[in-house]
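Colleague: This is the content of my_file.csv (CSV, C-alpha atoms and all ligand atoms):
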```
chain,number,residue,atom,x,y,z
A,1,MET,CA,-14.1,-15.2,-44.8
A,2,ARG,CA,-10.9,-15.1,-43.0
A,3,VAL,CA,-10.8,-11.3,-43.3
A,4,VAL,CA,-14.3,-11.0,-41.9
A,5,ALA,CA,-13.4,-13.2,-39.0
A,6,VAL,CA,-10.4,-11.0,-38.1
A,7,VAL,CA,-12.5,-7.9,-38.3
A,8,VAL,CA,-15.1,-9.4,-36.0
A,9,LEU,CA,-12.5,-10.4,-33.5
A,10,LEU,CA,-10.9,-6.9,-33.5
A,11,ALA,CA,-14.3,-5.3,-33.0
A,12,GLY,CA,-15.0,-7.6,-30.1
A,13,CYS,CA,-11.8,-6.6,-28.5
A,14,MET,CA,-12.3,-3.0,-29.0
A,15,SER,CA,-15.9,-2.7,-28.1
A,16,HIS,CA,-15.4,-3.4,-24.3
A,17,GLU,CA,-15.7,0.0,-22.6
A,18,PRO,CA,-14.5,-0.3,-19.0
A,19,ILE,CA,-17.4,-0.7,-16.7
A,20,GLU,CA,-17.6,0.0,-12.9
A,21,VAL,CA,-19.3,-2.3,-10.4
A,22,SER,CA,-19.6,-2.4,-6.7
A,23,ALA,CA,-17.7,-5.0,-4.7
A,24,ASP,CA,-20.7,-5.3,-2.4
A,25,ASP,CA,-23.0,-6.7,-5.1
A,26,PRO,CA,-22.5,-10.0,-6.8
A,27,LEU,CA,-19.9,-9.3,-9.5
A,28,PRO,CA,-21.3,-9.8,-13.0
A,29,ALA,CA,-19.8,-12.3,-15.3
A,30,GLY,CA,-17.6,-11.0,-18.1
A,31,LEU,CA,-15.6,-8.5,-16.1
A,32,ARG,CA,-12.2,-7.9,-17.8
A,33,THR,CA,-8.8,-6.4,-17.1
A,34,GLY,CA,-9.3,-2.6,-16.8
A,35,ASP,CA,-12.9,-2.7,-15.5
A,36,VAL,CA,-13.3,-1.1,-12.1
A,37,VAL,CA,-14.5,-2.6,-8.9
A,38,HIS,CA,-15.2,-0.2,-6.1
A,39,ARG,CA,-16.3,-0.2,-2.4
A,40,GLY,CA,-17.1,3.3,-1.2
A,41,GLU,CA,-14.2,5.6,-2.0
A,42,LEU,CA,-11.8,2.7,-2.8
A,43,ALA,CA,-11.5,1.2,-6.2
A,44,VAL,CA,-9.2,-1.1,-8.2
A,45,GLU,CA,-9.0,-1.8,-11.9
A,46,VAL,CA,-9.4,-5.5,-12.5
A,47,PRO,CA,-5.8,-6.9,-12.8
A,48,GLU,CA,-4.4,-9.1,-15.5
A,49,VAL,CA,-5.4,-12.7,-15.7
A,50,GLY,CA,-3.9,-14.7,-12.8
A,51,GLU,CA,-3.2,-11.6,-10.7
A,52,THR,CA,-4.5,-10.0,-7.6
A,53,VAL,CA,-4.6,-6.3,-6.7
A,54,THR,CA,-5.0,-4.9,-3.2
A,55,ILE,CA,-5.7,-1.3,-2.2
A,56,THR,CA,-5.2,-0.3,1.4
A,57,VAL,CA,-5.9,3.3,2.6
A,58,ASP,CA,-5.1,5.0,5.9
A,59,GLY,CA,-7.1,7.9,7.2
A,60,ASP,CA,-5.9,10.7,9.5
A,61,ASP,CA,-8.8,9.9,11.7
A,62,GLY,CA,-7.8,6.3,12.3
A,63,THR,CA,-10.1,4.8,9.7
A,64,SER,CA,-8.7,2.3,7.3
A,65,PHE,CA,-10.1,0.2,4.5
A,66,ALA,CA,-8.8,-2.4,2.1
A,67,LEU,CA,-10.2,-4.1,-1.1
A,68,SER,CA,-8.6,-7.0,-2.9
A,69,ILE,CA,-9.7,-8.2,-6.3
A,70,SER,CA,-8.4,-11.3,-8.3
A,71,GLN,CA,-8.7,-12.5,-11.8
A,72,SER,CA,-8.3,-16.2,-12.0
A,73,PRO,CA,-6.3,-18.0,-14.7
A,74,GLY,CA,-9.7,-18.8,-16.2
A,75,GLY,CA,-10.7,-15.1,-16.3
A,76,GLU,CA,-13.1,-15.2,-13.3
A,77,VAL,CA,-13.1,-11.9,-11.3
A,78,SER,CA,-13.7,-12.1,-7.6
A,79,VAL,CA,-13.4,-10.2,-4.3
A,80,VAL,CA,-10.8,-11.7,-2.1
A,81,ASP,CA,-12.0,-11.8,1.5
A,82,ALA,CA,-9.7,-10.4,4.1
A,83,ALA,CA,-8.5,-12.6,6.9
A,84,PRO,CA,-10.6,-12.1,10.0
A,85,ASP,CA,-9.3,-9.5,12.5
A,86,ASP,CA,-7.3,-10.2,15.5
A,87,GLU,CA,-7.0,-14.0,15.3
A,88,PRO,CA,-5.1,-15.9,18.0
A,89,LEU,CA,-1.9,-14.1,17.0
A,90,VAL,CA,-2.5,-11.8,19.9
A,91,ILE,CA,0.0,-12.8,22.5
A,92,ALA,CA,-0.3,-9.9,24.8
A,93,ALA,CA,-2.9,-7.9,26.6
A,94,ALA,CA,-4.6,-5.0,24.8
A,95,ALA,CA,-2.7,-1.8,24.7
A,96,ALA,CA,0.6,-3.5,25.5
A,97,GLY,CA,3.8,-1.6,24.7
A,98,PRO,CA,5.3,-2.1,21.3
A,99,CYS,CA,7.7,-4.7,22.5
A,100,GLU,CA,5.1,-6.7,24.3
A,101,ASP,CA,2.4,-6.8,21.6
A,102,GLY,CA,3.0,-9.6,19.2
A,103,ALA,CA,-0.1,-9.2,17.0
A,104,PHE,CA,0.1,-9.1,13.2
A,105,HIS,CA,-1.8,-9.8,10.1
A,106,VAL,CA,-0.4,-10.7,6.7
A,107,ALA,CA,-2.1,-9.6,3.5
A,108,GLY,CA,-1.4,-12.5,1.3
A,109,HIS,CA,1.6,-11.5,-0.8
A,110,VAL,CA,5.3,-11.6,-0.3
A,111,TRP,CA,8.3,-10.3,-2.3
A,112,THR,CA,10.6,-13.0,-3.6
A,113,THR,CA,12.8,-10.5,-5.4
A,114,GLU,CA,14.4,-7.3,-4.2
A,115,TYR,CA,11.9,-4.4,-3.9
A,116,GLN,CA,13.4,-1.8,-6.2
A,117,TRP,CA,11.6,1.5,-6.0
A,118,ARG,CA,11.7,5.1,-7.2
A,119,PHE,CA,10.4,8.4,-5.8
A,120,GLN,CA,8.3,10.8,-7.9
A,121,ALA,CA,10.1,13.8,-6.5
A,122,GLY,CA,8.2,16.3,-8.7
A,123,SER,CA,5.0,15.5,-6.7
A,124,THR,CA,6.5,16.7,-3.4
A,125,PRO,CA,4.3,19.3,-1.7
A,126,THR,CA,5.8,22.8,-2.1
A,127,ALA,CA,6.1,23.2,1.7
A,128,ASN,CA,8.6,20.3,1.8
A,129,SER,CA,12.1,19.7,0.7
A,130,LYS,CA,12.5,17.0,-2.0
A,131,ASP,CA,15.8,16.0,-0.6
A,132,ASN,CA,14.4,15.6,2.9
A,133,VAL,CA,11.4,13.7,1.7
A,134,GLU,CA,13.7,11.5,-0.3
A,135,THR,CA,15.7,10.8,2.8
A,136,GLY,CA,12.6,10.1,4.9
A,137,LEU,CA,11.3,7.6,2.4
A,138,GLN,CA,14.6,5.8,2.2
A,139,ARG,CA,14.7,5.6,6.0
A,140,ALA,CA,11.1,4.2,5.9
A,141,ALA,CA,12.0,1.5,3.5
A,142,ASN,CA,15.1,0.7,5.5
A,143,ALA,CA,13.0,0.3,8.7
A,144,ILE,CA,11.1,-2.5,7.0
A,145,GLU,CA,14.0,-4.4,5.4
A,146,THR,CA,16.1,-4.2,8.5
A,147,SER,CA,13.1,-4.7,10.9
A,148,ARG,CA,14.3,-1.7,12.8
A,149,ASN,CA,13.0,-1.8,16.3
A,150,ASP,CA,13.6,-0.7,19.9
A,151,CYS,CA,12.9,-4.1,21.3
A,152,GLY,CA,16.3,-5.7,20.8
A,153,LEU,CA,15.0,-8.0,18.1
A,154,ALA,CA,17.7,-9.1,15.7
A,155,ASP,CA,17.2,-8.6,12.0
A,156,GLN,CA,16.1,-12.0,10.7
A,157,VAL,CA,14.1,-10.6,7.9
A,158,SER,CA,15.4,-11.5,4.4
A,159,ALA,CA,13.4,-8.8,2.6
A,160,THR,CA,15.5,-6.3,0.7
A,161,ALA,CA,14.7,-3.0,-0.8
A,162,ARG,CA,16.8,-0.8,-3.1
A,163,TYR,CA,16.2,2.8,-3.9
A,164,LEU,CA,16.8,3.4,-7.6
A,165,GLY,CA,16.4,7.2,-7.5
A,166,ARG,CA,13.9,9.8,-8.7
A,167,THR,CA,11.4,9.3,-11.5
A,168,ALA,CA,9.0,11.5,-13.4
A,169,SER,CA,6.5,8.6,-13.4
A,170,ALA,CA,3.6,8.6,-10.9
A,171,PRO,CA,2.5,5.6,-8.9
A,172,ASN,CA,-0.3,3.7,-10.6
A,173,ILE,CA,-2.8,5.2,-8.2
A,174,LYS,CA,-5.5,7.6,-9.3
A,175,GLY,CA,-6.9,9.9,-6.7
A,176,THR,CA,-9.6,12.5,-6.6
A,177,SER,CA,-11.2,14.2,-3.6
A,178,THR,CA,-13.9,11.5,-3.6
A,179,LYS,CA,-12.1,8.3,-4.8
A,180,VAL,CA,-8.8,6.5,-5.0
A,181,THR,CA,-8.1,3.7,-7.5
A,182,CYS,CA,-5.3,1.3,-8.1
A,183,GLY,CA,-4.9,1.5,-11.9
A,184,ALA,CA,-3.0,-0.8,-14.3
A,185,ARG,CA,0.4,-1.7,-13.1
A,186,ASP,CA,3.5,-0.8,-15.2
A,187,ASN,CA,6.3,-2.9,-13.5
A,188,ALA,CA,7.7,0.2,-11.8
A,189,ASN,CA,7.5,0.6,-8.0
A,190,VAL,CA,6.9,4.3,-7.3
A,191,VAL,CA,6.2,6.4,-4.2
A,192,GLY,CA,4.8,9.8,-4.7
A,193,PHE,CA,2.3,12.4,-3.6
A,194,GLY,CA,-1.1,13.3,-5.1
A,195,ASN,CA,-4.7,14.1,-4.6
A,196,LEU,CA,-6.7,11.8,-2.3
A,197,PRO,CA,-10.0,12.0,-0.5
A,198,PRO,CA,-9.6,14.6,2.2
A,199,SER,CA,-9.0,12.4,5.3
A,200,TYR,CA,-6.6,10.0,3.6
A,201,LEU,CA,-3.0,10.2,4.6
A,202,GLY,CA,-1.7,7.4,2.4
A,203,VAL,CA,-2.6,4.6,0.0
A,204,ALA,CA,-0.8,1.5,-0.9
A,205,CYS,CA,-1.5,-0.6,-4.0
A,206,SER,CA,0.0,-4.1,-4.2
A,207,TRP,CA,-0.1,-6.5,-7.1
A,208,ALA,CA,0.7,-10.2,-6.8
A,209,ASP,CA,0.6,-13.4,-9.0
A,210,GLY,CA,-1.4,-16.5,-8.2
A,211,ALA,CA,1.3,-17.8,-5.9
A,212,GLY,CA,1.1,-14.7,-3.8
A,213,HIS,CA,4.4,-13.4,-5.1
A,214,ALA,CA,4.5,-9.6,-5.2
A,215,LEU,CA,4.8,-8.1,-8.7
A,216,GLU,CA,4.5,-4.4,-7.9
A,217,GLY,CA,3.9,-2.1,-5.0
A,218,ASP,CA,3.1,1.6,-5.3
A,219,VAL,CA,2.4,4.2,-2.6
A,220,ARG,CA,0.6,7.6,-2.9
A,221,LEU,CA,0.8,10.0,0.1
A,222,SER,CA,-1.6,12.9,0.4
A,223,ALA,CA,-0.4,16.1,-1.2
A,224,LYS,CA,-2.8,18.2,1.0
A,225,HIS,CA,-1.7,17.2,4.5
A,226,ARG,CA,1.0,19.1,6.3
A,227,TRP,CA,4.0,17.0,6.6
A,228,PHE,CA,7.4,16.8,8.3
A,229,PRO,CA,9.6,14.9,5.9
A,230,LEU,CA,11.7,13.2,8.6
A,231,GLU,CA,11.1,12.8,12.3
A,232,VAL,CA,8.3,14.8,13.8
A,233,PRO,CA,10.0,17.5,16.0
A,234,THR,CA,9.4,18.0,19.6
A,235,GLY,CA,6.7,20.6,20.1
A,236,CYS,CA,4.7,19.5,17.1
A,237,SER,CA,1.1,20.3,17.4
A,238,GLY,CA,-2.0,20.3,15.3
A,239,ALA,CA,-2.7,18.3,12.2
A,240,ARG,CA,0.9,17.6,11.1
A,241,TYR,CA,2.2,14.2,10.2
A,242,GLY,CA,5.5,12.5,9.6
A,243,ILE,CA,6.3,11.3,6.1
A,244,GLN,CA,8.9,8.9,7.5
A,245,ALA,CA,6.4,7.4,10.0
A,246,VAL,CA,3.5,7.1,7.6
A,247,ALA,CA,5.7,5.8,4.8
A,248,THR,CA,7.0,3.1,7.1
A,249,HIS,CA,3.4,1.9,7.6
A,250,GLU,CA,2.6,2.1,3.9
A,251,LEU,CA,5.7,0.2,2.9
A,252,GLY,CA,4.7,-2.4,5.5
A,253,HIS,CA,1.6,-2.9,3.4
A,254,VAL,CA,3.8,-3.2,0.3
A,255,PHE,CA,5.9,-5.9,2.0
A,256,GLY,CA,2.8,-7.9,2.8
A,257,LEU,CA,1.6,-6.7,6.3
A,258,ALA,CA,-2.1,-5.9,6.8
A,259,HIS,CA,-3.6,-3.9,9.6
A,260,VAL,CA,-4.0,-4.8,13.3
A,261,SER,CA,-6.7,-2.8,15.1
A,262,GLU,CA,-5.8,0.5,16.6
A,263,SER,CA,-8.0,0.0,19.7
A,264,ALA,CA,-6.3,-3.3,20.6
A,265,HIS,CA,-2.8,-2.6,19.3
A,266,PRO,CA,-2.1,1.1,19.3
A,267,ASN,CA,1.6,0.9,19.6
A,268,LEU,CA,2.3,-1.2,16.6
A,269,THR,CA,3.4,0.3,13.3
A,270,MET,CA,0.7,-1.6,11.4
A,271,SER,CA,-2.1,-0.4,13.6
A,272,THR,CA,-4.6,1.6,11.7
A,273,ALA,CA,-4.3,5.1,13.0
A,274,ALA,CA,-1.4,7.3,12.1
A,275,ALA,CA,-1.9,10.0,14.7
A,276,ASN,CA,-0.7,13.5,14.2
A,277,CYS,CA,2.7,14.5,15.6
A,278,THR,CA,3.8,11.0,16.3
A,279,ASN,CA,7.0,9.2,15.5
A,280,ALA,CA,5.8,5.9,16.9
A,281,PRO,CA,5.5,4.0,13.5
A,282,LEU,CA,9.2,4.8,12.8
A,283,THR,CA,10.4,1.8,14.6
A,284,LEU,CA,8.6,-1.6,14.4
A,285,GLY,CA,6.9,-3.3,17.3
A,286,LEU,CA,7.1,-7.0,18.3
A,287,GLY,CA,4.1,-7.8,16.2
A,288,ASP,CA,5.4,-6.0,13.1
A,289,VAL,CA,8.7,-7.8,13.3
A,290,ARG,CA,6.9,-11.2,13.9
A,291,GLY,CA,4.8,-10.6,10.8
A,292,LEU,CA,7.9,-9.8,8.7
A,293,ARG,CA,9.7,-12.8,10.1
A,294,GLN,CA,6.8,-15.1,9.1
A,295,LEU,CA,6.8,-13.6,5.6
A,296,TYR,CA,10.6,-13.4,5.1
A,301,ZN,ZN,-2.5,1.0,6.6
```
Now that the file is in, can you turn its structure into structure tokens?
Modeller:
Amino acid sequence: MRVVAVVVLLAGCMSHEPIEVSADDPLPAGLRTGDVVHRGELAVEVPEVGETVTITVDGDDGTSFALSISQSPGGEVSVVDAAPDDEPLVIAAAAAGPCEDGAFHVAGHVWTTEYQWRFQAGSTPTANSKDNVETGLQRAANAIETSRNDCGLADQVSATARYLGRTASAPNIKGTSTKVTCGARDNANVVGFGNLPPSYLGVACSWADGAGHALEGDVRLSAKHRWFPLEVPTGCSGARYGIQAVATHELGHVFGLAHVSESAHPNLTMSTAAANCTNAPLTLGLGDVRGLRQLY
């Protein structure tokens, strides 16, 4: 009898083919780690028990979307509602300059350890230099951990990031031309390039435990967009974007910052639109710094 029981147990474990459900319908009971919850072009694999995963995407047309899914310690899977937009954190008039606009949103996770990350250099678009992209990404991470700004604000942010070098591993982000999915995490924080739905510049996937402590943060940038790896040069025109600027925004997500609206807060790094030919997100605005100070 004991043998039979083991066989039944194994069969039960192995018979669960991953299923996909919509976040906009009531989630069915019995969802498990590895099942997929989607909303439009965004999706996440259900994280491990006791963990939350959040996907945030940024379009080149100013659109942005996020989806956050938790699995409770008891195995219940649920959609985590985002904080409402533009709460009383706004302390300046709309369209204030970056040093006058104090708005920010936090996503719900914070790093309590050093963020140690690697770059999937082999994914670099052929038009770009791996070395320059590597430098641009390091400068982006540096902008967050030092709260780099042109507002005279001191660095009171205790967050730290450390670049561990290149890796052949990809971020745990699966992308096609119609969908992007946060997959299963692997304890490695990776930034790389890859396929994404056509308008998406970048995607950040963040995993956290039940206390909101970050466990992993991966970023995938579009392999199809035309990029400048470092600062966007004077005279830039057309649909070209700065890796350093967009990566600063995406790493803001990794460090726990959510979006503020582009219409009300266009000059902040964490506003939704990453306009072409702009270096604006390279340095943080007042709201971006206030958000990091609250978290760290
Ligand atoms: Zn974003």
Colleague: Which residue, A:Pro98, A:Pro28, A:Gly252, A:Pro125, has the smallest gap to ligand ZN 301 (chain A) when you use all atoms listed in the file?
Modeller: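 Looking only at the distances to ligand ZN 301 (chain A), the closest residue turns out to be A:Gly252.
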Colleague: May I ask you to write as an MDAnalysis selection string all residues lying at most 12 Å from ligand ZN 301 (chain A), with only C-alpha atoms and all ligand atoms counted?
Modeller: chainID A and resid 54:60 62:66 105:107 200:205 219:221 245:262 268:274 281
Colleague: What's the 8 Å shell around A:Gly192, counting only C-alpha atoms, without same-chain residues fewer than 3 positions away, as a PyMOL selection string?
Modeller: chain A and resi 119-121+123-124+170-171+219-221
Colleague: Just checking: using all atoms listed in the file, which residue out of A:Gly238, A:Phe228, A:Ala188, A:Glu114 ends up closest to A:Gly136?
Modeller: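 Result for the nearest residue to A:Gly136: A:Phe228.
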Colleague: Hey, which of A:Ala275, A:Ile144, A:Leu295, A:Ile69 ends up closest to A:Glu51? Count only C-alpha atoms.
Modeller: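 The shortest atom-to-atom distance to A:Glu51 comes from A:Ile69.
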Colleague: Box in all listed atoms of stretch 261-276 of chain A, axis-aligned, with 8 Å more on each side; write out centre and edge lengths in Å to one decimal as AutoDock Vina command-line options.
Modeller:
```
--center_x -2.3 --center_y 5.1 --center_z 16.0 --size_x 27.4 --size_y 32.8 --size_z 25.2
```
Colleague: Taking (0.1, -11.9, -2.8) in the coordinates of the supplied file, I want to know which residues reach to within 8 Å of it, counting all atoms listed in the file; could you give the answer as a ChimeraX atom specification?
Modeller: /A:52,107-110,206-214,256
Colleague: What is the atom CA of A:Ala184 to atom CA of A:Gly74 distance in Å?
Modeller: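 If I compute the distance from atom CA of A:Ala184 to atom CA of A:Gly74, I get 19.3 Å.
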Colleague: Scan for residues within 6 Å of the point (-10.1, -7.1, 1.2) in the coordinates of the file, using all atoms listed in the file, and reply as a ChimeraX atom specification.
Modeller: /A:66-68,80-82
Colleague: For A:Leu42, which residue out of A:Thr146, A:Ser72, A:Thr278, A:Thr176 is the nearest one, using only C-alpha atoms?
Modeller: A:Thr176
Colleague: Can you list, as a list in words, every protein, DNA or RNA residue that comes within 8 Å of A:Thr160 when you count only C-alpha atoms, leaving out same-chain residues fewer than 6 positions away?
Modeller: Thr113, Glu114, Tyr115 and Glu145 of chain A
Colleague: When you count only C-alpha atoms, which of these residues is closest to A:Gly50: A:Val190, A:Val77, A:Cys151, A:Ala127?
Modeller: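 Selected residue with least distance to A:Gly50: A:Val77.
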Colleague: Interatomic distance between atom CA of A:Leu284 and atom CA of A:Gly165?
Modeller: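 Result for atom CA of A:Leu284 versus atom CA of A:Gly165: 24.9 Å, one decimal.
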Colleague: When you count all atoms listed in the file, which of these residues is closest to A:Glu231: A:Phe104, A:Gly75, A:Asn132, A:Ile19?
Modeller: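 The shortest atom-to-atom distance to A:Glu231 comes from A:Asn132.
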Colleague: Provide the atom CA of A:Ala161 to atom CA of A:Leu230 distance in Å, to one decimal place.
Modeller: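 That distance, rounded to one decimal, is 19.0 Å.
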